[in-house]
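Asker: Sending over upload_39.txt (compact mmCIF, C-alpha atoms).
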# COMPACT_ATOMS: atom_id res chain seq x y z
CA MET A 74 0.00 0.00 0.00
CA LYS A 75 2.97 2.29 0.58
CA SER A 76 3.92 2.20 -3.11
CA ALA A 77 0.33 3.09 -4.07
CA LYS A 78 0.49 6.11 -1.75
CA VAL A 79 3.80 7.18 -3.31
CA ILE A 80 2.30 6.91 -6.81
CA ALA A 81 -0.76 8.92 -5.72
CA VAL A 82 1.44 11.65 -4.21
CA LEU A 83 3.60 11.76 -7.35
CA GLY A 84 0.44 12.04 -9.47
CA LEU A 85 -0.83 14.86 -7.26
CA LEU A 86 2.49 16.72 -7.48
CA ALA A 87 2.77 16.24 -11.26
CA MET A 88 -0.79 17.37 -11.86
CA THR A 89 -0.31 20.40 -9.59
CA ALA A 90 2.80 21.39 -11.55
CA VAL A 91 1.21 21.01 -15.00
CA LEU A 92 -2.02 22.73 -13.97
CA VAL A 93 -0.08 25.72 -12.61
CA TYR A 94 2.02 25.76 -15.80
CA GLY A 95 -1.04 25.51 -18.05
CA PHE A 96 -2.95 28.27 -16.27
CA THR A 97 0.04 30.63 -16.06
CA ALA A 98 1.71 30.04 -19.45
CA GLY A 99 -1.25 29.08 -21.62
CA ASP A 100 -4.51 30.53 -22.84
CA PHE A 101 -7.23 27.98 -22.16
CA GLY A 102 -9.59 29.32 -24.84
CA VAL A 103 -6.99 29.57 -27.61
CA ASP A 104 -5.13 26.37 -26.74
CA GLY A 105 -8.35 24.41 -26.24
CA GLY A 106 -9.64 25.58 -29.62
CA THR A 107 -6.40 24.49 -31.27
CA LEU A 108 -6.62 21.10 -29.60
CA LEU A 109 -10.20 20.53 -30.73
CA ARG A 110 -9.40 21.41 -34.36
CA ASN A 111 -6.91 18.55 -34.47
CA PRO A 112 -8.34 15.02 -35.03
CA TRP A 113 -5.88 13.54 -32.54
CA GLY A 114 -6.78 16.29 -30.10
CA ILE A 115 -10.40 15.09 -30.31
CA VAL A 116 -9.28 11.48 -29.85
CA SER A 117 -7.26 12.53 -26.80
CA MET A 118 -10.22 14.38 -25.27
CA VAL A 119 -12.62 11.45 -25.81
CA ASP A 120 -10.03 9.09 -24.33
CA LEU A 121 -9.45 11.40 -21.36
CA TYR A 122 -13.13 11.90 -20.55
CA THR A 123 -13.87 8.20 -20.97
CA GLY A 124 -11.26 7.63 -18.26
CA PHE A 125 -12.79 10.39 -16.12
CA ILE A 126 -16.24 8.81 -16.42
CA LEU A 127 -14.97 5.30 -15.57
CA PHE A 128 -12.98 6.60 -12.60
CA SER A 129 -16.00 8.64 -11.48
CA GLY A 130 -18.10 5.46 -11.57
CA TRP A 131 -15.72 3.97 -9.01
CA ILE A 132 -16.02 7.11 -6.87
CA VAL A 133 -19.83 6.97 -6.96
CA TYR A 134 -19.79 3.24 -6.12
CA ARG A 135 -17.57 3.57 -3.07
CA GLU A 136 -18.68 6.90 -1.56
CA GLU A 137 -20.91 6.97 1.53
CA SER A 138 -22.84 10.10 0.57
CA ARG A 139 -24.37 11.11 -2.74
CA LEU A 140 -23.43 14.74 -2.16
CA SER A 141 -19.81 13.78 -1.57
CA ALA A 142 -19.83 11.63 -4.71
CA VAL A 143 -21.28 14.48 -6.80
CA VAL A 144 -18.65 16.93 -5.52
CA TRP A 145 -15.83 14.48 -6.33
CA VAL A 146 -17.23 13.79 -9.81
CA VAL A 147 -17.56 17.51 -10.62
CA LEU A 148 -14.00 18.08 -9.42
CA MET A 149 -12.87 15.12 -11.51
CA MET A 150 -14.44 16.59 -14.66
CA VAL A 151 -12.90 20.02 -14.00
CA LEU A 152 -9.46 19.22 -12.56
CA GLY A 153 -8.91 15.75 -14.00
CA PHE A 154 -6.47 13.40 -12.39
CA PHE A 155 -5.33 16.04 -9.92
CA THR A 156 -8.65 15.15 -8.31
CA GLY A 157 -8.18 11.46 -9.09
CA SER A 158 -4.76 11.40 -7.42
CA LEU A 159 -6.08 13.25 -4.37
CA TYR A 160 -9.08 10.92 -4.13
CA VAL A 161 -6.88 7.83 -4.33
CA LEU A 162 -4.49 9.19 -1.69
CA ILE A 163 -7.35 9.97 0.71
CA ALA A 164 -8.97 6.56 0.07
CA LEU A 165 -5.65 4.80 0.71
CA VAL A 166 -5.14 6.64 4.00
CA ARG A 167 -8.74 6.06 5.14
CA SER A 168 -8.58 2.37 4.27
CA GLY A 169 -6.01 1.80 7.01
CA GLY A 170 -4.08 -0.73 4.93
CA ASP A 171 -7.19 -2.73 3.97
CA TRP A 172 -7.23 -3.17 0.18
CA LYS A 173 -10.83 -4.36 0.20
CA LYS A 174 -11.92 -1.18 2.00
CA PHE A 175 -9.84 0.87 -0.46
CA TRP A 176 -11.50 -0.66 -3.52
CA LEU A 177 -15.05 -1.14 -2.19
CA GLY A 178 -15.46 1.83 0.15
CA LYS A 179 -18.91 1.67 1.78
CA HIS A 180 -19.51 -1.77 0.27
CA ALA A 181 -16.59 -3.37 2.13
CA ARG A 182 -18.68 -3.45 5.32
CA SER A 183 -21.80 -4.84 3.66
CA GLU A 184 -19.74 -7.58 2.01
CA LYS A 185 -18.36 -8.66 5.43
CA HIS A 186 -21.86 -8.54 6.90
CA GLY A 187 -23.20 -10.54 3.95
CA ARG A 188 -20.58 -13.26 4.46
CA ARG A 189 -21.34 -13.48 8.18
CA LYS A 190 -25.07 -13.70 7.44
CA LYS A 191 -24.50 -16.43 4.82
CA HIS A 192 -22.34 -18.36 7.31
CA ALA A 193 -25.01 -18.03 10.02
CA ASP A 194 -27.73 -19.08 7.57
CA SER A 195 -25.76 -22.15 6.48
CA GLU A 196 -25.18 -23.10 10.14
CA LYS A 197 -28.93 -22.89 10.78
CA GLN A 198 -29.61 -25.14 7.79
CA THR A 199 -27.09 -27.78 8.93
CA GLY A 200 -28.13 -27.53 12.57
CA ALA A 201 -24.63 -26.45 13.69
CA GLU A 202 -24.44 -23.72 16.30
When written as structure tokens, how does the structure in this file appear?

Answerer:
Amino acid sequence: MKSAKVIAVLGLLAMTAVLVYGFTAGDFGVDGGTLLRNPWGIVSMVDLYTGFILFSGWIVYREESRLSAVVWVVLMMVLGFFTGSLYVLIALVRSGGDWKKFWLGKHARSEKHGRRKKHADSEKQTGAE
């Protein structure tokens, strides 16, 4: 899990640096227009936003609150993988070293509960207590 945290921090630092560079040295309107006039620029944008949407699906799946999920998704669409890197880093820290909790979020608890319930149900059926 330590290497995942390092990768998330590196992603956060890299995205911070390129966002600052882009906003200070570039012109979003002009540069964005140039990008969208290029066929490979369009391919890149579709690829990028497909990734944003898939990653956002994971955020929505694992978040406890709908409001929190909506805020994260909006940030993801606006700030890209700066947000993704931050989200992963926070999820890694909050998971306390538990990969299942990292990947499943709120569903990690219900999966444990479901297994316990299945085990209890099977014991009742076999007569074991």

Asker: Using only C-alpha atoms, which of the listed residues (A:Ser129, A:Asn111, A:Val82, A:Phe175) sits closest to Ser141 in chain A?

Answerer: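 Ranked by minimum distance to Ser141 in chain A, first place goes to A:Ser129.
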
Asker: With all atoms listed in the file as the basis for distance, which of A:Arg110, A:His180, A:Lys78, A:Arg139 is at the shortest distance from Val161 in chain A?

Answerer: A:Lys78

Asker: Just checking: using all atoms listed in the file, which residue out of A:Ile132, A:Ala87, A:Val151, A:Ile80 ends up closest to Ala164 in chain A?

Answerer: A:Ile132

Asker: Quick one: distance from CA of Arg135 in chain A to CA of Gly157 in chain A in Å, one decimal?

Answerer: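 Result for CA of Arg135 in chain A versus CA of Gly157 in chain A: 13.7 Å, one decimal.
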
Asker: What's around Phe125 in chain A at 12 Å? Count only C-alpha atoms, leave out sequence neighbours fewer than 6 positions away in its own chain, and write the answer as a list in words.

Answerer: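 Selected residues are Met118, Val119, Trp131, Ile132, Trp145, Val146, Val147, Leu148, Met149, Met150, Val151, Leu152, Gly153, Phe154, Phe155, Thr156, Gly157 and Ser158 of chain A.
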
Asker: Suppose you want the space between CA of Val144 in chain A and CA of Tyr160 in chain A; what is it in Å?

Answerer: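 Result for CA of Val144 in chain A versus CA of Tyr160 in chain A: 11.4 Å, one decimal.
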
Asker: Can you measure CA of Asp120 in chain A to CA of Ala77 in chain A for me? One decimal in Å is fine.

Answerer: 23.5 Å

Asker: Using only C-alpha atoms, can you tell me which of A:Thr107, A:Ser138, A:Ser76, A:Thr89 comes closest to Gly170 in chain A?

Answerer: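 Closest to Gly170 in chain A of all the choices is A:Ser76.
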
Asker: Please determine, counting only C-alpha atoms, which residue among A:Ile126, A:Ala142, A:Leu159, A:Ala81 has the shortest atom-to-atom distance to Gly178 in chain A.

Answerer: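 Looking only at the distances to Gly178 in chain A, the closest residue turns out to be A:Ala142.
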